[in-house]
file target_37.cif (mmCIF, C-alpha atoms)
data_model
#
loop_
_atom_site.label_atom_id
_atom_site.label_comp_id
_atom_site.auth_asym_id
_atom_site.auth_seq_id
_atom_site.Cartn_x
_atom_site.Cartn_y
_atom_site.Cartn_z
CA MET I 1 0.00 0.00 0.00
CA LYS I 2 1.09 3.58 -0.66
CA ILE I 3 0.99 6.26 2.05
CA THR I 4 1.16 9.99 1.35
CA TYR I 5 1.54 12.58 4.10
CA TYR I 6 -0.28 15.92 3.89
CA GLY I 7 0.82 17.31 7.23
CA HIS I 8 -0.30 17.18 10.86
CA SER I 9 -2.42 13.98 11.10
CA CYS I 10 -3.59 13.84 7.49
CA PHE I 11 -2.57 10.78 5.47
CA LEU I 12 -3.74 9.22 2.25
CA VAL I 13 -3.53 5.42 2.21
CA ASN I 14 -3.97 3.76 -1.18
CA LEU I 15 -5.11 0.14 -0.96
CA LYS I 16 -5.16 -1.44 -4.43
CA GLY I 17 -6.51 1.73 -5.99
CA VAL I 18 -8.90 2.65 -3.16
CA ASN I 19 -7.99 5.94 -1.47
CA LEU I 20 -8.51 6.33 2.28
CA LEU I 21 -7.98 9.90 3.52
CA PHE I 22 -7.55 10.44 7.26
CA ASP I 23 -8.31 13.66 9.18
CA PRO I 24 -7.99 16.25 6.38
CA PHE I 25 -6.43 19.50 7.65
CA ILE I 26 -4.44 21.15 4.87
CA THR I 27 -5.80 24.59 3.91
CA TYR I 28 -5.19 26.12 7.34
CA ASN I 29 -1.89 24.34 8.00
CA GLU I 30 0.97 26.76 7.35
CA LEU I 31 3.37 23.84 6.94
CA ALA I 32 1.26 22.36 4.11
CA LYS I 33 1.21 25.42 1.84
CA GLY I 34 2.75 23.38 -0.97
CA VAL I 35 -0.16 20.92 -1.03
CA SER I 36 -3.06 21.56 -3.40
CA VAL I 37 -6.14 20.37 -1.54
CA ASP I 38 -8.10 20.31 -4.80
CA GLN I 39 -5.80 17.60 -6.16
CA ILE I 40 -6.16 15.15 -3.27
CA PRO I 41 -8.13 12.01 -4.21
CA ALA I 42 -10.47 10.25 -1.80
CA ASP I 43 -12.88 7.33 -1.93
CA TYR I 44 -13.30 7.30 1.85
CA ILE I 45 -12.64 10.04 4.40
CA LEU I 46 -12.08 8.79 7.94
CA ILE I 47 -12.43 11.41 10.68
CA SER I 48 -11.25 10.55 14.19
CA HIS I 49 -12.87 13.51 15.99
CA GLY I 50 -14.34 16.95 15.43
CA HIS I 51 -11.49 19.37 16.14
CA GLN I 52 -10.73 21.77 13.30
CA ASP I 53 -7.19 20.47 12.85
CA HIS I 54 -8.70 17.11 11.82
CA ILE I 55 -11.84 18.08 9.90
CA ALA I 56 -11.20 21.49 8.30
CA ASP I 57 -11.06 20.27 4.69
CA ALA I 58 -13.47 17.35 5.02
CA ILE I 59 -16.51 19.14 3.58
CA SER I 60 -14.77 20.54 0.49
CA ILE I 61 -13.02 17.25 -0.31
CA ALA I 62 -16.18 15.20 0.27
CA LYS I 63 -18.21 17.46 -2.03
CA ARG I 64 -15.56 17.40 -4.76
CA THR I 65 -14.82 13.67 -4.69
CA GLY I 66 -18.13 12.17 -3.51
CA ALA I 67 -16.12 10.16 -0.97
CA LYS I 68 -17.95 8.26 1.76
CA VAL I 69 -17.19 9.81 5.16
CA ILE I 70 -16.68 7.40 8.06
CA THR I 71 -16.87 8.93 11.52
CA ASN I 72 -19.00 8.99 14.66
CA TRP I 73 -22.74 9.65 14.70
CA GLU I 74 -22.52 13.23 15.97
CA ILE I 75 -20.06 14.29 13.28
CA VAL I 76 -22.15 12.58 10.60
CA VAL I 77 -25.20 14.60 11.66
CA TRP I 78 -23.12 17.79 11.56
CA LEU I 79 -21.79 16.93 8.09
CA GLN I 80 -25.27 16.16 6.80
CA ASN I 81 -26.33 19.63 7.93
CA GLN I 82 -23.50 20.96 5.74
CA GLY I 83 -24.86 19.06 2.73
CA ILE I 84 -22.69 15.92 2.93
CA GLU I 85 -24.99 12.92 2.47
CA ASN I 86 -22.55 10.09 1.67
CA CYS I 87 -21.68 9.18 5.25
CA HIS I 88 -21.40 6.03 7.33
CA PRO I 89 -21.90 6.63 11.08
CA MET I 90 -20.00 4.45 13.56
CA ASN I 91 -19.03 4.33 17.20
CA ILE I 92 -16.36 2.77 19.37
CA GLY I 93 -16.29 -1.02 19.18
CA GLY I 94 -18.13 -1.14 15.85
CA LYS I 95 -16.71 -2.72 12.70
CA VAL I 96 -17.82 -2.40 9.08
CA GLY I 97 -16.90 -4.32 5.91
CA LEU I 98 -16.07 -2.20 2.87
CA ASP I 99 -14.73 -2.87 -0.62
CA PHE I 100 -11.09 -2.63 0.50
CA GLY I 101 -11.40 -4.54 3.80
CA THR I 102 -12.75 -3.60 7.22
CA VAL I 103 -12.66 -0.62 9.56
CA LYS I 104 -13.05 -1.03 13.32
CA CYS I 105 -13.48 1.98 15.62
CA VAL I 106 -11.42 1.86 18.81
CA ASN I 107 -11.11 4.02 21.89
CA ALA I 108 -9.13 7.28 21.97
CA ILE I 109 -8.73 9.38 25.12
CA HIS I 110 -9.12 13.00 24.06
CA SER I 111 -11.86 15.63 23.65
CA SER I 112 -14.03 16.44 20.64
CA SER I 113 -15.98 19.49 19.56
CA LEU I 114 -16.82 20.73 16.09
CA PRO I 115 -15.57 23.98 14.50
CA ASP I 116 -18.82 25.77 15.43
CA GLY I 117 -18.48 24.69 19.06
CA SER I 118 -21.13 21.97 18.95
CA TYR I 119 -20.66 18.55 20.51
CA GLY I 120 -18.37 16.27 18.49
CA GLY I 121 -19.13 12.92 20.08
CA ASN I 122 -16.49 10.49 21.31
CA PRO I 123 -13.03 10.69 19.75
CA MET I 124 -11.77 7.42 18.33
CA GLY I 125 -9.07 5.63 16.41
CA PHE I 126 -9.35 3.15 13.53
CA VAL I 127 -8.05 -0.37 12.94
CA VAL I 128 -7.99 -1.10 9.21
CA GLU I 129 -7.69 -4.67 7.95
CA SER I 130 -7.08 -5.57 4.31
CA GLU I 131 -5.39 -8.17 2.13
CA ASP I 132 -2.49 -5.74 1.77
CA GLY I 133 -1.96 -5.48 5.53
CA ASN I 134 -3.40 -4.19 8.79
CA PHE I 135 -2.74 -0.87 10.48
CA TYR I 136 -3.83 1.24 13.43
CA TYR I 137 -4.58 4.94 13.11
CA ALA I 138 -4.67 6.18 16.71
CA GLY I 139 -6.17 9.64 16.20
CA ASP I 140 -5.53 12.11 19.00
CA THR I 141 -5.08 10.16 22.21
CA SER I 142 -3.18 9.66 25.39
CA LEU I 143 -1.61 6.34 26.23
CA HIS I 144 -4.29 4.01 27.61
CA TYR I 145 -4.66 0.35 28.47
CA ASP I 146 -7.30 -0.31 25.80
CA MET I 147 -4.43 -0.18 23.30
CA LYS I 148 -3.38 -3.59 24.58
CA LEU I 149 -6.58 -5.03 23.14
CA ILE I 150 -5.41 -3.98 19.66
CA GLY I 151 -2.24 -6.03 20.02
CA GLU I 152 -4.23 -8.99 21.28
CA PHE I 153 -6.95 -8.61 18.65
CA LYS I 154 -4.94 -8.59 15.44
CA LYS I 155 -1.37 -8.28 14.15
CA MET I 156 -0.67 -4.72 13.03
CA ASP I 157 1.86 -4.24 10.23
CA PHE I 158 2.35 -0.58 11.13
CA ALA I 159 0.66 2.20 13.09
CA PHE I 160 0.11 5.96 12.95
CA LEU I 161 0.71 7.40 16.43
CA PRO I 162 0.59 10.99 17.74
CA ILE I 163 3.94 12.03 19.21
CA GLY I 164 3.73 15.79 19.75
CA ASP I 165 2.89 15.71 23.48
CA ASN I 166 0.91 18.53 25.16
CA PHE I 167 -2.45 17.63 23.52
CA THR I 168 -1.71 13.92 23.00
CA MET I 169 0.85 11.38 24.12
CA GLY I 170 4.47 12.24 23.43
CA ILE I 171 7.50 10.23 22.40
CA ASP I 172 7.99 8.28 25.62
CA ASN I 173 4.35 7.21 25.88
CA ALA I 174 4.22 6.38 22.17
CA ILE I 175 7.13 3.98 22.73
CA ILE I 176 5.12 2.27 25.47
CA CYS I 177 2.19 2.14 23.05
CA CYS I 178 4.39 0.12 20.66
CA ASP I 179 4.58 -2.59 23.31
CA PHE I 180 0.85 -2.39 24.00
CA ILE I 181 -0.13 -2.82 20.34
CA ARG I 182 2.76 -5.23 19.60
CA CYS I 183 3.90 -3.17 16.63
CA ASN I 184 7.34 -1.63 16.17
CA ASP I 185 6.85 0.08 12.79
CA ILE I 186 5.47 3.55 13.51
CA ILE I 187 4.62 6.63 11.44
CA GLY I 188 4.55 9.74 13.59
CA MET I 189 1.78 12.34 13.43
CA HIS I 190 0.40 15.37 15.29
CA TYR I 191 3.73 17.10 15.79
CA ASP I 192 5.43 20.39 14.73
CA THR I 193 2.26 22.02 13.33
CA PHE I 194 1.92 24.40 16.27
CA GLY I 195 4.41 25.73 18.79
CA TYR I 196 2.89 23.59 21.54
CA ILE I 197 3.78 20.34 19.74
CA LYS I 198 7.18 20.94 18.19
CA ILE I 199 9.55 18.02 18.71
CA ASN I 200 13.25 17.25 18.37
CA HIS I 201 13.31 14.92 15.36
CA ASP I 202 16.73 13.42 16.02
CA GLU I 203 15.90 12.70 19.65
CA ALA I 204 12.56 11.14 18.73
CA VAL I 205 14.07 8.79 16.14
CA ARG I 206 16.92 7.89 18.52
CA LYS I 207 14.59 7.05 21.40
CA PHE I 208 12.47 4.82 19.19
CA SER I 209 15.54 3.08 17.82
CA GLN I 210 17.01 2.51 21.28
CA SER I 211 13.76 0.87 22.35
CA GLY I 212 13.80 -1.51 19.37
CA ASN I 213 11.19 0.39 17.38
CA LYS I 214 11.24 2.29 14.09
CA LEU I 215 9.84 5.82 13.76
CA ALA I 216 9.21 7.43 10.36
CA LEU I 217 8.81 11.21 10.31
CA MET I 218 7.50 11.78 6.82
CA ARG I 219 7.98 14.99 4.86
CA ILE I 220 4.79 16.75 3.80
CA GLY I 221 4.00 15.56 0.28
CA GLU I 222 6.16 12.45 0.63
CA THR I 223 4.87 9.02 -0.41
CA ILE I 224 6.18 5.75 0.99
CA GLU I 225 5.15 2.13 0.56
CA LYS I 226 4.24 -0.45 3.19
CA SER I 227 3.55 -4.13 2.72
CA LYS I 228 2.10 -6.92 4.78
CA LYS I 229 4.69 -8.42 7.08
CA PRO I 230 5.18 -12.21 7.10
#
call {"tool": "encode", "arguments": {"input": "target_37.cif", "output": "structure tokens"}}
result
Amino acid sequence: MKITYYGHSCFLVNLKGVNLLFDPFITYNELAKGVSVDQIPADYILISHGHQDHIADAISIAKRTGAKVITNWEIVVWLQNQGIENCHPMNIGGKVGLDFGTVKCVNAIHSSSLPDGSYGGNPMGFVVESEDGNFYYAGDTSLHYDMKLIGEFKKMDFAFLPIGDNFTMGIDNAIICCDFIRCNDIIGMHYDTFGYIKINHDEAVRKFSQSGNKLALMRIGETIEKSKKP
């Protein structure tokens, strides 16, 4: 599968030609000025929670592409009020089969409100299973014991974890998370975008390496490939 980074927590995962876009926040991200939001493809848009830095471009991309939006019930209702009808509402613990595989919603410890201040429902992460491999997209979250269930539930080939601290878990807790989810191949997210979450890249990579884990800090606009591990 191919993974493209658009900054902050926004990734495009291509699974055999199906495009999964996570938490689109590009237009208002100063670090993503080189990304043309009108060129980003999407067949599905997965939104972990309602904060603006995860949903800001969801409406425009959904209208342009006709992508199906997968998120919690409260955000679906809010999107429908903005004219987005192609939605699939979910909640924590639920799983749905789609043309590329399955999506399961898992717990995330955070807060959630929508850009207009209305209630954003429960924040969550996603476990995606497919023939090409399985991965965990944590969303915004602290370290929590429910992550251990992910490692017990299914083998993850890689995971997207927040590492910026302050609003989410930081480097040290993300390393513990690797043990919880039994996955040592990590793509970092939710760092550097704002002053509160700037990190030392060299230190972060070193700490992961010393703990027996691998941390990728992708450049905005960069595409990498991941495959199912034996």
call {"tool": "closest_residue", "arguments": {"input": "target_37.cif", "among": "I:Tyr145, I:Tyr28, I:Val37, I:His8", "to": "Lys198 (chain I)", "atoms": "only C-alpha atoms"}}
result
I:His8
call {"tool": "resolve_selection", "arguments": {"input": "target_37.cif", "expression": "the PyMOL selection byres ((chain I and resi 13) around 9)", "output": "JSON, numbers by chain"}}
result
{"I": [1, 2, 3, 4, 5, 11, 12, 14, 15, 18, 19, 20, 21, 22]}
call {"tool": "atom_distance", "arguments": {"input": "target_37.cif", "atom1": "CA of Ile171 (chain I)", "atom2": "CA of Asp202 (chain I)"}}
result
11.7 Å
call {"tool": "atom_distance", "arguments": {"input": "target_37.cif", "atom1": "CA of Lys154 (chain I)", "atom2": "CA of Glu74 (chain I)"}}
result
28.0 Å
call {"tool": "atom_distance", "arguments": {"input": "target_37.cif", "atom1": "CA of Ser111 (chain I)", "atom2": "CA of Cys10 (chain I)"}}
result
18.2 Å
call {"tool": "axis_aligned_box", "arguments": {"input": "target_37.cif", "around": "region 119-133 of chain I", "padding_each_side": "3 Å", "output": "JSON"}}
result
{"center_x": -11.3, "center_y": 5.2, "center_z": 11.5, "size_x": 24.7, "size_y": 32.7, "size_z": 25.5}
call {"tool": "closest_residue", "arguments": {"input": "target_37.cif", "among": "I:Glu203, I:Gln52, I:Ser36, I:Asp192", "to": "Gly117 (chain I)", "atoms": "all atoms listed in the file"}}
result
I:Gln52
call {"tool": "resolve_selection", "arguments": {"input": "target_37.cif", "expression": "the PyMOL selection byres ((chain I and resi 144) around 9)", "output": "PyMOL selection string"}}
result
chain I and resi 107-109+141-143+145-148+177+180
call {"tool": "resolve_selection", "arguments": {"input": "target_37.cif", "expression": "the PyMOL selection byres ((chain I and resi 88) around 9)", "output": "PyMOL selection string"}}
result
chain I and resi 68-73+76+86-87+89-90
call {"tool": "residues_around", "arguments": {"input": "target_37.cif", "residues": "Gly212 (chain I)", "least_positions_apart": "6", "cutoff": "10 Å", "atoms": "all atoms listed in the file", "output": "PDB file with C-alpha atoms, in the frame of the given file"}}
result
ATOM      1  CA  ILE I 175       7.130   3.980  22.730  1.00  0.00           C
ATOM      2  CA  CYS I 178       4.390   0.120  20.660  1.00  0.00           C
ATOM      3  CA  ASN I 184       7.340  -1.630  16.170  1.00  0.00           C
ATOM      4  CA  ASP I 185       6.850   0.080  12.790  1.00  0.00           C
ATOM      5  CA  ARG I 206      16.920   7.890  18.520  1.00  0.00           C
TER       6      ARG I 206
END
call {"tool": "closest_residue", "arguments": {"input": "target_37.cif", "among": "I:Thr168, I:Lys207, I:Asn213, I:Gln80", "to": "Ile187 (chain I)", "atoms": "all atoms listed in the file"}}
result
I:Asn213
call {"tool": "residues_around", "arguments": {"input": "target_37.cif", "residues": "Ala67 (chain I)", "least_positions_apart": "6", "cutoff": "7 Å", "atoms": "all atoms listed in the file", "output": "MDAnalysis selection string"}}
result
chainID I and resid 42:45 86
call {"tool": "residues_around", "arguments": {"input": "target_37.cif", "residues": "Ser118 (chain I)", "least_positions_apart": "4", "cutoff": "9 Å", "atoms": "only C-alpha atoms", "output": "MDAnalysis selection string"}}
result
chainID I and resid 78 113:114
call {"tool": "closest_residue", "arguments": {"input": "target_37.cif", "among": "I:Asp116, I:Met218, I:Gly7, I:Val106", "to": "Val35 (chain I)", "atoms": "all atoms listed in the file"}}
result
I:Gly7
call {"tool": "build_atoms", "arguments": {"input": "target_37.cif", "residues": "region 21-42 of chain I", "atoms": "N, CA, C and O atoms", "output": "mmCIF file, in the frame of the given file"}}
result
data_model
loop_
_atom_site.group_PDB
_atom_site.id
_atom_site.type_symbol
_atom_site.label_atom_id
_atom_site.label_comp_id
_atom_site.auth_asym_id
_atom_site.auth_seq_id
_atom_site.Cartn_x
_atom_site.Cartn_y
_atom_site.Cartn_z
ATOM 1 N N LEU I 21 -8.548 8.643 3.040
ATOM 2 C CA LEU I 21 -7.980 9.900 3.520
ATOM 3 C C LEU I 21 -8.353 10.092 4.990
ATOM 4 O O LEU I 21 -9.529 10.062 5.346
ATOM 5 N N PHE I 22 -7.339 10.298 5.826
ATOM 6 C CA PHE I 22 -7.550 10.440 7.260
ATOM 7 C C PHE I 22 -7.401 11.901 7.696
ATOM 8 O O PHE I 22 -6.427 12.570 7.335
ATOM 9 N N ASP I 23 -8.361 12.383 8.473
ATOM 10 C CA ASP I 23 -8.310 13.660 9.180
ATOM 11 C C ASP I 23 -7.758 14.817 8.341
ATOM 12 O O ASP I 23 -6.685 15.357 8.626
ATOM 13 N N PRO I 24 -8.502 15.232 7.307
ATOM 14 C CA PRO I 24 -7.990 16.250 6.380
ATOM 15 C C PRO I 24 -7.920 17.666 6.978
ATOM 16 O O PRO I 24 -8.942 18.285 7.249
ATOM 17 N N PHE I 25 -6.709 18.127 7.177
ATOM 18 C CA PHE I 25 -6.430 19.500 7.650
ATOM 19 C C PHE I 25 -5.231 20.003 6.868
ATOM 20 O O PHE I 25 -4.086 19.734 7.210
ATOM 21 N N ILE I 26 -5.506 20.710 5.779
ATOM 22 C CA ILE I 26 -4.440 21.150 4.870
ATOM 23 C C ILE I 26 -4.489 22.652 4.650
ATOM 24 O O ILE I 26 -3.496 23.359 4.794
ATOM 25 N N THR I 27 -5.661 23.182 4.296
ATOM 26 C CA THR I 27 -5.800 24.590 3.910
ATOM 27 C C THR I 27 -5.298 25.534 4.988
ATOM 28 O O THR I 27 -4.665 26.559 4.673
ATOM 29 N N TYR I 28 -5.555 25.226 6.254
ATOM 30 C CA TYR I 28 -5.190 26.120 7.340
ATOM 31 C C TYR I 28 -3.885 25.728 8.032
ATOM 32 O O TYR I 28 -3.533 26.293 9.056
ATOM 33 N N ASN I 29 -3.179 24.782 7.455
ATOM 34 C CA ASN I 29 -1.890 24.340 8.000
ATOM 35 C C ASN I 29 -0.772 25.074 7.267
ATOM 36 O O ASN I 29 -0.526 24.829 6.084
ATOM 37 N N GLU I 30 -0.104 25.972 7.967
ATOM 38 C CA GLU I 30 0.970 26.760 7.350
ATOM 39 C C GLU I 30 2.079 25.885 6.786
ATOM 40 O O GLU I 30 2.748 26.255 5.822
ATOM 41 N N LEU I 31 2.288 24.723 7.387
ATOM 42 C CA LEU I 31 3.370 23.840 6.940
ATOM 43 C C LEU I 31 3.001 23.088 5.662
ATOM 44 O O LEU I 31 3.870 22.491 5.028
ATOM 45 N N ALA I 32 1.720 23.107 5.286
ATOM 46 C CA ALA I 32 1.260 22.360 4.110
ATOM 47 C C ALA I 32 0.907 23.273 2.951
ATOM 48 O O ALA I 32 0.088 22.921 2.092
ATOM 49 N N LYS I 33 1.530 24.452 2.896
ATOM 50 C CA LYS I 33 1.210 25.420 1.840
ATOM 51 C C LYS I 33 1.478 24.868 0.451
ATOM 52 O O LYS I 33 0.851 25.300 -0.524
ATOM 53 N N GLY I 34 2.403 23.933 0.334
ATOM 54 C CA GLY I 34 2.750 23.380 -0.970
ATOM 55 C C GLY I 34 1.793 22.308 -1.457
ATOM 56 O O GLY I 34 1.960 21.791 -2.572
ATOM 57 N N VAL I 35 0.802 21.966 -0.665
ATOM 58 C CA VAL I 35 -0.160 20.920 -1.030
ATOM 59 C C VAL I 35 -1.414 21.555 -1.618
ATOM 60 O O VAL I 35 -2.003 22.460 -1.025
ATOM 61 N N SER I 36 -1.822 21.074 -2.774
ATOM 62 C CA SER I 36 -3.060 21.560 -3.400
ATOM 63 C C SER I 36 -4.200 20.656 -2.944
ATOM 64 O O SER I 36 -4.310 19.504 -3.365
ATOM 65 N N VAL I 37 -5.057 21.188 -2.095
ATOM 66 C CA VAL I 37 -6.140 20.370 -1.540
ATOM 67 C C VAL I 37 -7.098 19.913 -2.626
ATOM 68 O O VAL I 37 -7.738 18.855 -2.496
ATOM 69 N N ASP I 38 -7.185 20.658 -3.721
ATOM 70 C CA ASP I 38 -8.100 20.310 -4.800
ATOM 71 C C ASP I 38 -7.604 19.144 -5.651
ATOM 72 O O ASP I 38 -8.343 18.647 -6.512
ATOM 73 N N GLN I 39 -6.371 18.712 -5.403
ATOM 74 C CA GLN I 39 -5.800 17.600 -6.160
ATOM 75 C C GLN I 39 -5.784 16.294 -5.372
ATOM 76 O O GLN I 39 -5.382 15.255 -5.894
ATOM 77 N N ILE I 40 -6.217 16.341 -4.114
ATOM 78 C CA ILE I 40 -6.160 15.150 -3.270
ATOM 79 C C ILE I 40 -7.328 14.220 -3.588
ATOM 80 O O ILE I 40 -8.481 14.630 -3.514
ATOM 81 N N PRO I 41 -7.040 12.961 -3.927
ATOM 82 C CA PRO I 41 -8.130 12.010 -4.210
ATOM 83 C C PRO I 41 -8.677 11.414 -2.920
ATOM 84 O O PRO I 41 -7.999 11.382 -1.894
ATOM 85 N N ALA I 42 -9.897 10.928 -2.964
ATOM 86 C CA ALA I 42 -10.470 10.250 -1.800
ATOM 87 C C ALA I 42 -11.680 9.422 -2.233
ATOM 88 O O ALA I 42 -12.558 9.913 -2.941
#
